[in-house]
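Trainee: One structure is given below, represented as structure tokens, and several questions about it will come after.
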Amino acid sequence: MDETLAKLYDVCVLYGLRVIYALIIFIIGKWASRIISKAVSKVMKKAHVDDLLCSFTQHLTYFTILVFVIIAALNKLGVQTTSFVAVIGAAGLAIGFALQGSLSNFAAGVMLVLFKPFKVGDFIEAASATGVVEEIQIFNTILRSPDNKIIIMPNAKITGDKIINYTGIDKRRIDLVFSISYSDNIKTAKEALEKLLSDNAKILKDPKPLIAVSELGESSVNLVCRPWVKPADYWDVYFDLLEKGKISLEKQGITIPFPQRDVHLYQKK
């Protein structure tokens, strides 16, 4: 009887210590995972990383460390964790293959937040879509098109193609072409366009606008008109110049030609 009690005591001491050690590992590990995850989030916020990404990374860090803490605690209890780790690895691999599209979008979202090729409010063109950036999410970026449609684009598609940011700069150039007849005076046409540009307060003085002959076409002399404006004024000035440019040229007696063809008919004898 005494021998049995002694063995029972030894077993209780042995496994009791294991349970205590496992609890200590779990408690300290859980505390450490919380501290580390908060530290990671704090560092990302100091780097001005998006709040959504900070929160996601904090939770991901916390649960990743916690999984390893649980495995270490179970191992201390004497549980064989080799097969358990193998199962987790296989499950992670399977999930990775299943979610490879989502993971690539997530990685692309991180790149967009870190390198900032554009920000909310910018007017961009990316992956054959054009619009104002409404929101940059972890997996998708939301654009609002000029005709007020919501465009939801996967981040991987954006980073995998060229990105044109129209408002990420302080000025833009407007490219217009005005055609005049070969019989019209080029100097008069250029003076009319120069006055039109000087009267528009939204056109920048520096860089200086360019008005020049760009092409001697089949039926017209083509003049390029290239003023510089602030990005916010681009379309207002663009449409205004198109309309007033035609009116100004016509006031000077300049004709805007259109393609013509002379057709000769021959009667067969």
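In the structure tokens, chains take the letters A, B, ... in the order shown, each chain's residues start at 1, and ligands count up from 1 in the order shown.
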Step one, run DSSP on the backbone; step two, keep only residues of segment 95-190 of chain A assigned to strand (DSSP E); then write them as JSON, numbers by chain.

Mentor: {"A": [123, 124, 125, 126, 129, 130, 131, 132, 133, 134, 135, 136, 140, 141, 142, 143, 144, 150, 151, 152, 153, 154, 163, 164, 165, 172, 173, 176, 177, 178, 179, 180]}

Trainee: Would you save the residues from that selection as an mmCIF file, in the first residue's frame, using N, CA and C atoms?

Mentor:
data_model
loop_
_atom_site.group_PDB
_atom_site.id
_atom_site.type_symbol
_atom_site.label_atom_id
_atom_site.label_comp_id
_atom_site.auth_asym_id
_atom_site.auth_seq_id
_atom_site.Cartn_x
_atom_site.Cartn_y
_atom_site.Cartn_z
ATOM 1 N N PHE A 123 -6.932 60.887 -58.796
ATOM 2 C CA PHE A 123 -7.560 60.418 -60.032
ATOM 3 C C PHE A 123 -6.520 59.593 -60.782
ATOM 4 N N ILE A 124 -6.782 58.294 -60.935
ATOM 5 C CA ILE A 124 -5.774 57.394 -61.495
ATOM 6 C C ILE A 124 -6.348 56.569 -62.640
ATOM 7 N N GLU A 125 -5.420 55.971 -63.369
ATOM 8 C CA GLU A 125 -5.755 54.958 -64.377
ATOM 9 C C GLU A 125 -4.914 53.728 -64.082
ATOM 10 N N ALA A 126 -5.576 52.603 -63.868
ATOM 11 C CA ALA A 126 -4.868 51.365 -63.538
ATOM 12 C C ALA A 126 -5.676 50.178 -64.016
ATOM 13 N N ALA A 129 -8.862 50.695 -65.971
ATOM 14 C CA ALA A 129 -9.949 51.400 -65.288
ATOM 15 C C ALA A 129 -9.468 52.787 -64.894
ATOM 16 N N THR A 130 -10.399 53.750 -64.924
ATOM 17 C CA THR A 130 -10.073 55.132 -64.591
ATOM 18 C C THR A 130 -11.076 55.664 -63.587
ATOM 19 N N GLY A 131 -10.584 56.375 -62.579
ATOM 20 C CA GLY A 131 -11.497 56.950 -61.599
ATOM 21 C C GLY A 131 -10.766 57.540 -60.411
ATOM 22 N N VAL A 132 -11.553 58.087 -59.490
ATOM 23 C CA VAL A 132 -11.032 58.659 -58.255
ATOM 24 C C VAL A 132 -10.947 57.560 -57.200
ATOM 25 N N VAL A 133 -9.822 57.479 -56.498
ATOM 26 C CA VAL A 133 -9.628 56.457 -55.472
ATOM 27 C C VAL A 133 -10.514 56.781 -54.272
ATOM 28 N N GLU A 134 -11.465 55.889 -53.981
ATOM 29 C CA GLU A 134 -12.365 56.062 -52.843
ATOM 30 C C GLU A 134 -11.814 55.407 -51.581
ATOM 31 N N GLU A 135 -11.205 54.229 -51.756
ATOM 32 C CA GLU A 135 -10.734 53.478 -50.586
ATOM 33 C C GLU A 135 -9.687 52.455 -51.018
ATOM 34 N N ILE A 136 -8.645 52.296 -50.194
ATOM 35 C CA ILE A 136 -7.634 51.269 -50.424
ATOM 36 C C ILE A 136 -7.790 50.224 -49.336
ATOM 37 N N ASN A 140 -8.747 44.767 -52.000
ATOM 38 C CA ASN A 140 -9.270 45.484 -53.156
ATOM 39 C C ASN A 140 -9.041 46.986 -53.015
ATOM 40 N N THR A 141 -9.082 47.659 -54.163
ATOM 41 C CA THR A 141 -9.097 49.122 -54.189
ATOM 42 C C THR A 141 -10.372 49.561 -54.888
ATOM 43 N N ILE A 142 -11.047 50.543 -54.307
ATOM 44 C CA ILE A 142 -12.334 51.004 -54.826
ATOM 45 C C ILE A 142 -12.150 52.344 -55.527
ATOM 46 N N LEU A 143 -12.568 52.406 -56.792
ATOM 47 C CA LEU A 143 -12.525 53.634 -57.579
ATOM 48 C C LEU A 143 -13.948 54.106 -57.878
ATOM 49 N N ARG A 144 -14.082 55.413 -58.067
ATOM 50 C CA ARG A 144 -15.338 55.976 -58.565
ATOM 51 C C ARG A 144 -15.060 56.587 -59.928
ATOM 52 N N ILE A 150 -19.083 52.696 -59.314
ATOM 53 C CA ILE A 150 -18.121 52.149 -58.359
ATOM 54 C C ILE A 150 -17.374 50.998 -59.028
ATOM 55 N N ILE A 151 -16.040 51.074 -59.017
ATOM 56 C CA ILE A 151 -15.193 50.038 -59.611
ATOM 57 C C ILE A 151 -14.378 49.404 -58.487
ATOM 58 N N ILE A 152 -14.565 48.096 -58.277
ATOM 59 C CA ILE A 152 -13.820 47.363 -57.253
ATOM 60 C C ILE A 152 -12.764 46.520 -57.966
ATOM 61 N N MET A 153 -11.500 46.833 -57.711
ATOM 62 C CA MET A 153 -10.410 46.188 -58.431
ATOM 63 C C MET A 153 -9.520 45.407 -57.477
ATOM 64 N N PRO A 154 -9.166 44.149 -57.798
ATOM 65 C CA PRO A 154 -8.206 43.393 -56.978
ATOM 66 C C PRO A 154 -6.847 44.093 -56.968
ATOM 67 N N ILE A 163 0.413 52.045 -63.582
ATOM 68 C CA ILE A 163 -0.449 52.935 -62.820
ATOM 69 C C ILE A 163 -0.159 54.360 -63.265
ATOM 70 N N ILE A 164 -1.189 55.073 -63.711
ATOM 71 C CA ILE A 164 -1.048 56.471 -64.108
ATOM 72 C C ILE A 164 -1.786 57.321 -63.085
ATOM 73 N N ASN A 165 -1.047 58.156 -62.370
ATOM 74 C CA ASN A 165 -1.635 59.030 -61.354
ATOM 75 C C ASN A 165 -1.724 60.443 -61.927
ATOM 76 N N ARG A 172 -0.537 69.799 -64.920
ATOM 77 C CA ARG A 172 -0.735 68.911 -66.065
ATOM 78 C C ARG A 172 -0.773 69.726 -67.342
ATOM 79 N N ARG A 173 -0.369 69.095 -68.444
ATOM 80 C CA ARG A 173 -0.387 69.767 -69.734
ATOM 81 C C ARG A 173 -1.612 69.317 -70.528
ATOM 82 N N LEU A 176 -4.055 70.060 -77.216
ATOM 83 C CA LEU A 176 -5.135 70.310 -78.169
ATOM 84 C C LEU A 176 -4.548 70.533 -79.556
ATOM 85 N N VAL A 177 -5.331 70.206 -80.567
ATOM 86 C CA VAL A 177 -4.921 70.422 -81.958
ATOM 87 C C VAL A 177 -6.016 71.213 -82.665
ATOM 88 N N PHE A 178 -5.630 72.351 -83.259
ATOM 89 C CA PHE A 178 -6.556 73.165 -84.049
ATOM 90 C C PHE A 178 -6.081 73.146 -85.498
ATOM 91 N N SER A 179 -6.987 72.819 -86.397
ATOM 92 C CA SER A 179 -6.652 72.729 -87.821
ATOM 93 C C SER A 179 -7.144 73.978 -88.549
ATOM 94 N N ILE A 180 -6.286 74.528 -89.419
ATOM 95 C CA ILE A 180 -6.660 75.681 -90.229
ATOM 96 C C ILE A 180 -6.405 75.348 -91.699
#

Trainee: So that I can see what lies close to Lys38 of chain A, please list as number ranges by chain the residues with an atom at most 12 Å from it, counting only C-alpha atoms and leaving out residues fewer than 3 positions away in the same chain.

Mentor: A: 31-35, 41-45, 54-62

Trainee: Kindly give the distance, in Å, that separates atom CA of Ile174 of chain A and atom CA of Tyr238 of chain A, rounded to a single decimal.

Mentor: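 The value is 6.7 Å.
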
Trainee: Find, counting only C-alpha atoms, the residue in A:Ala156, A:Gln137, A:Leu196, A:Ile27 that gets nearest to Leu242 of chain A.

Mentor: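 Residue with the minimum atom-to-atom distance to Leu242 of chain A: A:Leu196.
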
Trainee: Compile the contact shell of Lys230 of chain A as a ChimeraX atom specification: residues with an atom at most 8 Å away, counting only C-alpha atoms, same-chain residues fewer than 3 positions apart removed.

Mentor: /A:170-172,202-204,233-234

Trainee: So, with only C-alpha atoms as the atoms that count, which of A:Ser183, A:Asn155, A:Phe258, A:Asp122 lies closest to Thr167 of chain A?

Mentor: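 Using only C-alpha atoms, the shortest distance to Thr167 of chain A belongs to A:Asp122.
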
Trainee: Using DSSP secondary structure from the backbone, list all alpha helix (DSSP H) positions within segment 138-172 of chain A, as a list of chain:residue names.

Mentor: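 Here are the alpha helix (DSSP H) residues of segment 138-172 of chain A: A:Asn155, A:Ala156, A:Lys157, A:Ile158, A:Thr159.
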
Trainee: Contacts of Leu249 of chain A at 8 Å or less, counting only C-alpha atoms, minus same-chain residues fewer than 3 places along, as a list in words?

Mentor: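 My list of contacting residues is Ala189, Ala192, Leu193, Gly245, Lys246, Gln252, Gly253, Ile254 and Thr255 of chain A.
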
Trainee: With N, CA and C atoms retained, export the selected residues as a PDB file, in the first residue's frame.

Mentor:
ATOM      1  N   ALA A 189      -3.695  83.040 -86.818  1.00  0.00           N
ATOM      2  CA  ALA A 189      -4.288  81.944 -86.040  1.00  0.00           C
ATOM      3  C   ALA A 189      -3.557  81.776 -84.708  1.00  0.00           C
ATOM      4  N   ALA A 192      -4.487  84.557 -82.280  1.00  0.00           N
ATOM      5  CA  ALA A 192      -5.828  84.359 -81.725  1.00  0.00           C
ATOM      6  C   ALA A 192      -5.804  83.344 -80.583  1.00  0.00           C
ATOM      7  N   LEU A 193      -5.041  82.271 -80.766  1.00  0.00           N
ATOM      8  CA  LEU A 193      -4.936  81.249 -79.715  1.00  0.00           C
ATOM      9  C   LEU A 193      -4.145  81.767 -78.511  1.00  0.00           C
ATOM     10  N   GLY A 245     -11.786  78.215 -78.606  1.00  0.00           N
ATOM     11  CA  GLY A 245     -10.779  78.199 -79.658  1.00  0.00           C
ATOM     12  C   GLY A 245     -11.407  78.272 -81.033  1.00  0.00           C
ATOM     13  N   LYS A 246     -12.451  77.513 -81.238  1.00  0.00           N
ATOM     14  CA  LYS A 246     -13.155  77.536 -82.533  1.00  0.00           C
ATOM     15  C   LYS A 246     -13.764  78.916 -82.783  1.00  0.00           C
ATOM     16  N   GLN A 252     -11.507  85.643 -86.503  1.00  0.00           N
ATOM     17  CA  GLN A 252     -10.384  86.154 -87.290  1.00  0.00           C
ATOM     18  C   GLN A 252     -10.474  85.742 -88.757  1.00  0.00           C
ATOM     19  N   GLY A 253     -11.585  85.125 -89.126  1.00  0.00           N
ATOM     20  CA  GLY A 253     -11.767  84.712 -90.512  1.00  0.00           C
ATOM     21  C   GLY A 253     -11.042  83.430 -90.852  1.00  0.00           C
ATOM     22  N   ILE A 254     -10.604  82.717 -89.815  1.00  0.00           N
ATOM     23  CA  ILE A 254      -9.907  81.451 -90.030  1.00  0.00           C
ATOM     24  C   ILE A 254     -10.942  80.345 -90.232  1.00  0.00           C
ATOM     25  N   THR A 255     -10.739  79.544 -91.253  1.00  0.00           N
ATOM     26  CA  THR A 255     -11.659  78.428 -91.503  1.00  0.00           C
ATOM     27  C   THR A 255     -11.052  77.133 -90.976  1.00  0.00           C
TER      28      THR A 255
END

Trainee: Mind pulling up the distance from atom CA of Val213 of chain A to atom CA of Arg226 of chain A?

Mentor: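 Rounded to one decimal, the two atoms are 11.6 Å apart.
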
Trainee: Go through A:Ile36, A:Cys225, A:Met111, A:Leu23 one by one, measure the shortest atom-to-atom distance of each to Ala72 of chain A using only C-alpha atoms, and give the residue with the smallest value.

Mentor: A:Leu23

Trainee: A:Lys162, A:Lys244, A:Lys46, A:Lys149: which is nearest Lys195 of chain A, counting only C-alpha atoms?

Mentor: A:Lys244

Trainee: Hey, which of A:Asn75, A:Thr64, A:Ser219, A:Thr159 ends up closest to Ala107 of chain A? Count only C-alpha atoms.

Mentor: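 When distances to Ala107 of chain A are compared using only C-alpha atoms, the smallest one comes from A:Thr159.
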
Trainee: To one decimal place in Å, what is the distance between atom CA of Tyr166 of chain A and atom CA of Asn222 of chain A?

Mentor: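 Between these atoms lies a distance of 26.6 Å.
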
Trainee: From the set A:Ala73, A:Ala201, A:Leu210, A:Leu241, which residue has the shortest atom-to-atom contact distance to Pro227 of chain A, counting only C-alpha atoms?

Mentor: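 Ranking A:Ala73, A:Ala201, A:Leu210, A:Leu241 by distance to Pro227 of chain A, first place goes to A:Leu210.
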